[in-house]
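Asks: Provided herewith is a single structure, encoded as structure tokens, for subsequent inquiry.
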Amino acid sequence: MENIILTGGSSLLALNWAFFKRNDVQITLLLHHRNISMEGVNSVFLDLESYDKIYEFLSSMSQCTVIHCAAITSIDDCEKNPHYAYKINVSISENLAHICYELGFKFVHISTDHLFSGLYPFSTESSKISPLNVYANTKGIAEGKVLNKNPEALVVRTNFYGWGASYRNSFSDFLINAIREKKGVYLFTDIFYTPIYTRSLIECVHILLTTNFKGVFNIVGNERVSKYQFGKEIFKTFSGNMDLITKVQYKKQTNLVSKPLEMSLSNNKLLDSLGIDMKNLEDQIEQLKSDEVNFKKAINYL
């Protein structure tokens, strides 16, 4: 059975990866401090800041694929501590890419859609990177270093949603919790992106791996929507009261870190390369809804 090793094992994406693929491949979650228990999934504590410990662990494994989900994704945290953000987002990524290349392992680096200045919709894989904050800058640098150290690597630019843990909710969790608790939400009408459900993202990555694609791929949904429009779709699917939603504009906020208002990515390269169709946003959110019960039964947070 194929071995999949996921860094950032307690993160939303790694948990979803383990849940959706645990019956198809052998999953190992690499953990930092939070223990995770899921039936059929291995968990290992490993210090990713130590090159030697990473090399020792991976060299003891049989042929595998490493999917690098670990990162500091908080824009505010990156601004407050840029040195640490560089160490985690860049240095660890570079080391993992190099070790996987040396060992002949496949390597998938999870990147972001925050890389651009926000002037144009549907940025492509060849669009010039122009980061507006520390987080975006570290992720952009990491992409270059990963591909320099490992030209066989797969770099995935994306923005995903899915069922998260109690200690780290996703944007869709935030919205669904508001619906169920009948709390009001403020949603930006001027931030645009192309969100994808974790299940669809994971399926696309595995197809790319199976067909030995490498380099940068945008793995995102088809629809360019605002945070407000996405929220409305979640409220519709989960029978929320639309009166709970208040429209706001990010550009009018004075206490927030600079970020691109336009983060939409084009998925044309992905769809053309694989010859597939992407489910629309409405269908993906319906899938999110149908997966809730089984996902929450599968995971124990220790």
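Simple scheme: letters A, B, ... for chains in structure tokens order, numbers from 1 for residues in each chain, numbers from 1 for ligands in the order shown.
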Just the residues within 6 Å of range 109-112 of chain A, please, counting only C-alpha atoms, with nothing from its chain fewer than 5 positions along; format it as a list in words.
Replies: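 Once the adjacent positions are removed, what remains is His68, Cys69, Val155, Val156, Arg157 and Thr158 of chain A.
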Asks: Enumerate as an MDAnalysis selection string all residues of range 51-180 of chain A assigned to alpha helix (DSSP H) by DSSP on the backbone, naming them with the chain letters and numbers the document uses.
Replies: chainID A and resid 51:59 75:80 82:86 92:103 134:149 171:180
Asks: Using only C-alpha atoms, which residue out of A:Ala178, A:Pro260, A:Asn280, A:Phe45 lies closest to Ser130 in chain A?
Replies: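 Smallest separation from Ser130 in chain A among the options: A:Pro260.
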Asks: I'd like the interatomic distance between CA of Ile176 in chain A and CA of Ile234 in chain A, to a tenth of an Å.
Replies: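 Between these atoms lies a distance of 7.2 Å.
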Asks: Select, from A:Glu181, A:Asp272, A:Glu286, A:Glu152, the residue with the minimum atom-to-atom distance to His98 in chain A, counting only C-alpha atoms.
Replies: A:Glu152
Asks: Work out how far CA of Gly275 in chain A is from CA of Arg199 in chain A, in Å to one decimal.
Replies: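 Going from CA of Arg199 in chain A over to CA of Gly275 in chain A covers 18.3 Å.
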Asks: Using only C-alpha atoms, determine which residues lie at most 8 Å from Ser123 in chain A, disregarding the query and same-chain residues fewer than 4 positions distant; provide the list as a PyMOL selection string.
Replies: chain A and resi 127+263-266
Asks: Residues within 7 Å of range 245-250 of chain A, please, as a VMD selection string. Count only C-alpha atoms; anything in the same chain fewer than 2 positions from it doesn't count.
Replies: chain A and resid 184 to 190 228 242 to 243 252 to 253
Asks: I need the chosen residues saved as a short mmCIF file (atom, residue, chain, number, x, y, z; two decimals), in the first residue's frame, with N, CA, C and O atoms.
Replies:
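Dumped everything to part_11.cif:
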```cif
data_model
loop_
_atom_site.label_atom_id
_atom_site.label_comp_id
_atom_site.auth_asym_id
_atom_site.auth_seq_id
_atom_site.Cartn_x
_atom_site.Cartn_y
_atom_site.Cartn_z
N GLY A 184 -24.84 36.77 14.33
CA GLY A 184 -24.57 37.56 13.14
C GLY A 184 -23.13 37.45 12.69
O GLY A 184 -22.23 37.20 13.49
N VAL A 185 -22.90 37.61 11.39
CA VAL A 185 -21.55 37.58 10.82
C VAL A 185 -21.35 38.78 9.91
O VAL A 185 -22.30 39.27 9.29
N TYR A 186 -20.12 39.25 9.85
CA TYR A 186 -19.74 40.33 8.94
C TYR A 186 -18.87 39.72 7.84
O TYR A 186 -17.84 39.11 8.12
N LEU A 187 -19.29 39.89 6.59
CA LEU A 187 -18.59 39.26 5.48
C LEU A 187 -18.18 40.30 4.44
O LEU A 187 -18.96 41.17 4.07
N PHE A 188 -16.93 40.14 3.97
CA PHE A 188 -16.37 41.10 3.04
C PHE A 188 -16.94 40.92 1.63
O PHE A 188 -16.97 39.81 1.09
N THR A 189 -17.35 42.04 1.06
CA THR A 189 -17.86 42.02 -0.31
C THR A 189 -16.77 42.32 -1.34
O THR A 189 -17.01 42.20 -2.54
N ASP A 190 -15.58 42.71 -0.87
CA ASP A 190 -14.53 43.14 -1.80
C ASP A 190 -13.29 42.26 -1.78
O ASP A 190 -12.26 42.63 -2.34
N TYR A 228 -18.44 37.26 0.97
CA TYR A 228 -19.89 37.43 1.18
C TYR A 228 -20.69 36.43 0.34
O TYR A 228 -21.61 35.78 0.85
N MET A 242 -30.54 34.54 6.34
CA MET A 242 -29.72 35.50 5.61
C MET A 242 -29.64 36.85 6.31
O MET A 242 -28.72 37.64 6.09
N ASP A 243 -30.61 37.15 7.17
CA ASP A 243 -30.60 38.43 7.89
C ASP A 243 -29.44 38.51 8.87
O ASP A 243 -29.12 39.60 9.38
N LYS A 252 -12.04 49.30 3.78
CA LYS A 252 -12.42 50.38 4.70
C LYS A 252 -11.96 50.11 6.14
O LYS A 252 -12.14 50.95 7.01
N GLN A 253 -11.38 48.92 6.37
CA GLN A 253 -10.89 48.59 7.71
C GLN A 253 -9.53 49.23 7.91
O GLN A 253 -8.68 49.18 7.02
#
```
Asks: Just the number, please: distance in Å from CA of Ile75 in chain A to CA of Gly118 in chain A, one decimal.
Replies: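 Those two atoms sit 15.9 Å apart.
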Asks: When distances are computed from only C-alpha atoms, which of A:Ser170, A:Ser91, A:Ser43, A:Ser200 shows the smallest separation from Ile276 in chain A?
Replies: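 Closest candidate: A:Ser200.
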Asks: Quick one: of A:Asn89, A:Ser62, A:Tyr193, A:Gly8, who's nearest to Val44 in chain A, counting only C-alpha atoms?
Replies: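 That would be A:Gly8, the residue with the smallest distance to Val44 in chain A.
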Asks: Please list as a PyMOL selection string every residue within 10 Å of Met278 in chain A, counting only C-alpha atoms and excluding residues in the same chain fewer than 2 positions away.
Replies: chain A and resi 196+200-201+204+219-222+267+270-271+276+280-281+283-284
Asks: Could you save those same residues with C-alpha atoms as a CSV table (one decimal), in the first residue's frame?
Replies:
```
chain,number,residue,atom,x,y,z
A,196,ILE,CA,-12.4,24.5,-3.1
A,200,SER,CA,-12.0,17.9,-4.3
A,201,LEU,CA,-8.5,19.3,-3.7
A,204,CYS,CA,-7.0,16.4,-7.7
A,219,ILE,CA,-6.0,23.6,-7.5
A,220,VAL,CA,-9.1,25.7,-6.9
A,221,GLY,CA,-12.8,25.9,-7.7
A,222,ASN,CA,-14.2,27.3,-10.9
A,267,ASN,CA,-7.6,26.3,-12.8
A,270,LEU,CA,-5.2,21.7,-14.0
A,271,LEU,CA,-8.4,20.9,-15.9
A,276,ILE,CA,-11.5,16.6,-15.9
A,280,ASN,CA,-19.3,23.7,-9.0
A,281,LEU,CA,-19.4,25.5,-5.7
A,283,ASP,CA,-22.3,20.9,-5.4
A,284,GLN,CA,-19.1,21.0,-3.3
```
Asks: Here is a test: counting only C-alpha atoms, which residue of A:Ile99, A:Lys21, A:Ile72, A:Ser258 is nearest to Ser59 in chain A?
Replies: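 Answer, going by the shortest atom-to-atom distance: A:Ile99.
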Asks: Range 59-273 of chain A: which residues are strand (DSSP E) by DSSP, as number ranges by chain?
Replies: A: 64-68, 106-110, 154-157, 160-161, 185-188, 192-193, 196-197, 215-218, 225-226, 245-248
Asks: Next, the residues of the selection above should be written as a compact mmCIF listing (two decimals), in the first residue's frame with N, CA and C atoms.
Replies:
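Final output, part-v3.txt:
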```
# COMPACT_ATOMS: atom_id res chain seq x y z
N CYS A 64 7.64 6.57 -0.33
CA CYS A 64 6.44 7.27 0.13
C CYS A 64 6.32 8.63 -0.55
N THR A 65 5.21 9.29 -0.27
CA THR A 65 4.95 10.65 -0.73
C THR A 65 4.79 11.53 0.50
N VAL A 66 5.52 12.63 0.55
CA VAL A 66 5.41 13.58 1.64
C VAL A 66 4.57 14.76 1.17
N ILE A 67 3.51 15.06 1.91
CA ILE A 67 2.65 16.19 1.60
C ILE A 67 2.83 17.21 2.71
N HIS A 68 3.37 18.34 2.36
CA HIS A 68 3.81 19.34 3.35
C HIS A 68 2.70 20.36 3.60
N LYS A 106 8.34 11.31 -3.56
CA LYS A 106 7.52 12.38 -4.12
C LYS A 106 7.27 13.43 -3.03
N PHE A 107 7.20 14.69 -3.46
CA PHE A 107 7.01 15.78 -2.50
C PHE A 107 5.95 16.74 -3.02
N VAL A 108 4.97 17.03 -2.17
CA VAL A 108 3.91 17.98 -2.50
C VAL A 108 3.98 19.13 -1.51
N HIS A 109 4.12 20.33 -2.02
CA HIS A 109 4.20 21.53 -1.18
C HIS A 109 2.90 22.31 -1.30
N ILE A 110 2.21 22.50 -0.18
CA ILE A 110 0.96 23.25 -0.20
C ILE A 110 1.27 24.73 -0.06
N LEU A 154 5.77 18.87 -6.58
CA LEU A 154 4.48 19.40 -7.00
C LEU A 154 4.11 20.52 -6.02
N VAL A 155 3.93 21.73 -6.54
CA VAL A 155 3.57 22.89 -5.72
C VAL A 155 2.12 23.23 -5.99
N VAL A 156 1.32 23.24 -4.93
CA VAL A 156 -0.12 23.43 -5.06
C VAL A 156 -0.54 24.77 -4.48
N ARG A 157 -1.03 25.65 -5.34
CA ARG A 157 -1.61 26.91 -4.89
C ARG A 157 -3.12 26.71 -4.75
N PHE A 160 -8.74 26.50 0.50
CA PHE A 160 -9.70 25.41 0.73
C PHE A 160 -10.56 25.65 1.97
N TYR A 161 -11.65 24.91 2.01
CA TYR A 161 -12.51 24.90 3.19
C TYR A 161 -12.91 23.45 3.47
N VAL A 185 -22.90 37.61 11.39
CA VAL A 185 -21.55 37.58 10.82
C VAL A 185 -21.35 38.78 9.91
N TYR A 186 -20.12 39.25 9.85
CA TYR A 186 -19.74 40.33 8.94
C TYR A 186 -18.87 39.72 7.84
N LEU A 187 -19.29 39.89 6.59
CA LEU A 187 -18.59 39.26 5.48
C LEU A 187 -18.18 40.30 4.44
N PHE A 188 -16.93 40.14 3.97
CA PHE A 188 -16.37 41.10 3.04
C PHE A 188 -16.94 40.92 1.63
N PHE A 192 -12.10 38.65 -3.17
CA PHE A 192 -12.54 37.62 -4.11
C PHE A 192 -11.53 36.47 -4.16
N TYR A 193 -12.05 35.27 -4.27
CA TYR A 193 -11.18 34.10 -4.33
C TYR A 193 -11.92 32.95 -5.02
N ILE A 196 -12.14 25.91 -2.77
CA ILE A 196 -12.37 24.51 -3.14
C ILE A 196 -12.54 23.69 -1.87
N TYR A 197 -13.44 22.73 -1.92
CA TYR A 197 -13.64 21.82 -0.79
C TYR A 197 -12.44 20.89 -0.70
N GLY A 215 5.84 20.62 -10.74
CA GLY A 215 5.75 22.06 -10.93
C GLY A 215 4.54 22.65 -10.23
N VAL A 216 4.18 23.87 -10.63
CA VAL A 216 3.12 24.62 -9.95
C VAL A 216 1.77 24.37 -10.60
N PHE A 217 0.78 24.08 -9.75
CA PHE A 217 -0.60 23.93 -10.20
C PHE A 217 -1.53 24.70 -9.27
N ASN A 218 -2.44 25.45 -9.87
CA ASN A 218 -3.54 26.04 -9.11
C ASN A 218 -4.64 24.99 -8.98
N VAL A 225 -15.67 34.12 -6.30
CA VAL A 225 -16.72 34.64 -5.42
C VAL A 225 -16.09 35.51 -4.33
N SER A 226 -16.90 36.42 -3.79
CA SER A 226 -16.46 37.19 -2.64
C SER A 226 -16.69 36.36 -1.38
N ILE A 245 -26.40 38.03 8.10
CA ILE A 245 -25.21 38.44 7.36
C ILE A 245 -25.21 39.96 7.16
N THR A 246 -24.09 40.58 7.52
CA THR A 246 -23.89 42.02 7.29
C THR A 246 -22.73 42.20 6.33
N LYS A 247 -22.95 42.97 5.27
CA LYS A 247 -21.90 43.25 4.30
C LYS A 247 -20.91 44.29 4.85
N VAL A 248 -19.62 44.03 4.65
CA VAL A 248 -18.58 45.00 5.01
C VAL A 248 -17.51 44.99 3.92
```
Asks: Using only C-alpha atoms, pick whichever of A:Phe171, A:Trp163, A:Tyr120, A:Tyr86 has the shortest atom-to-atom distance to Leu288 in chain A.
Replies: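 Looking only at the distances to Leu288 in chain A, the closest residue turns out to be A:Trp163.
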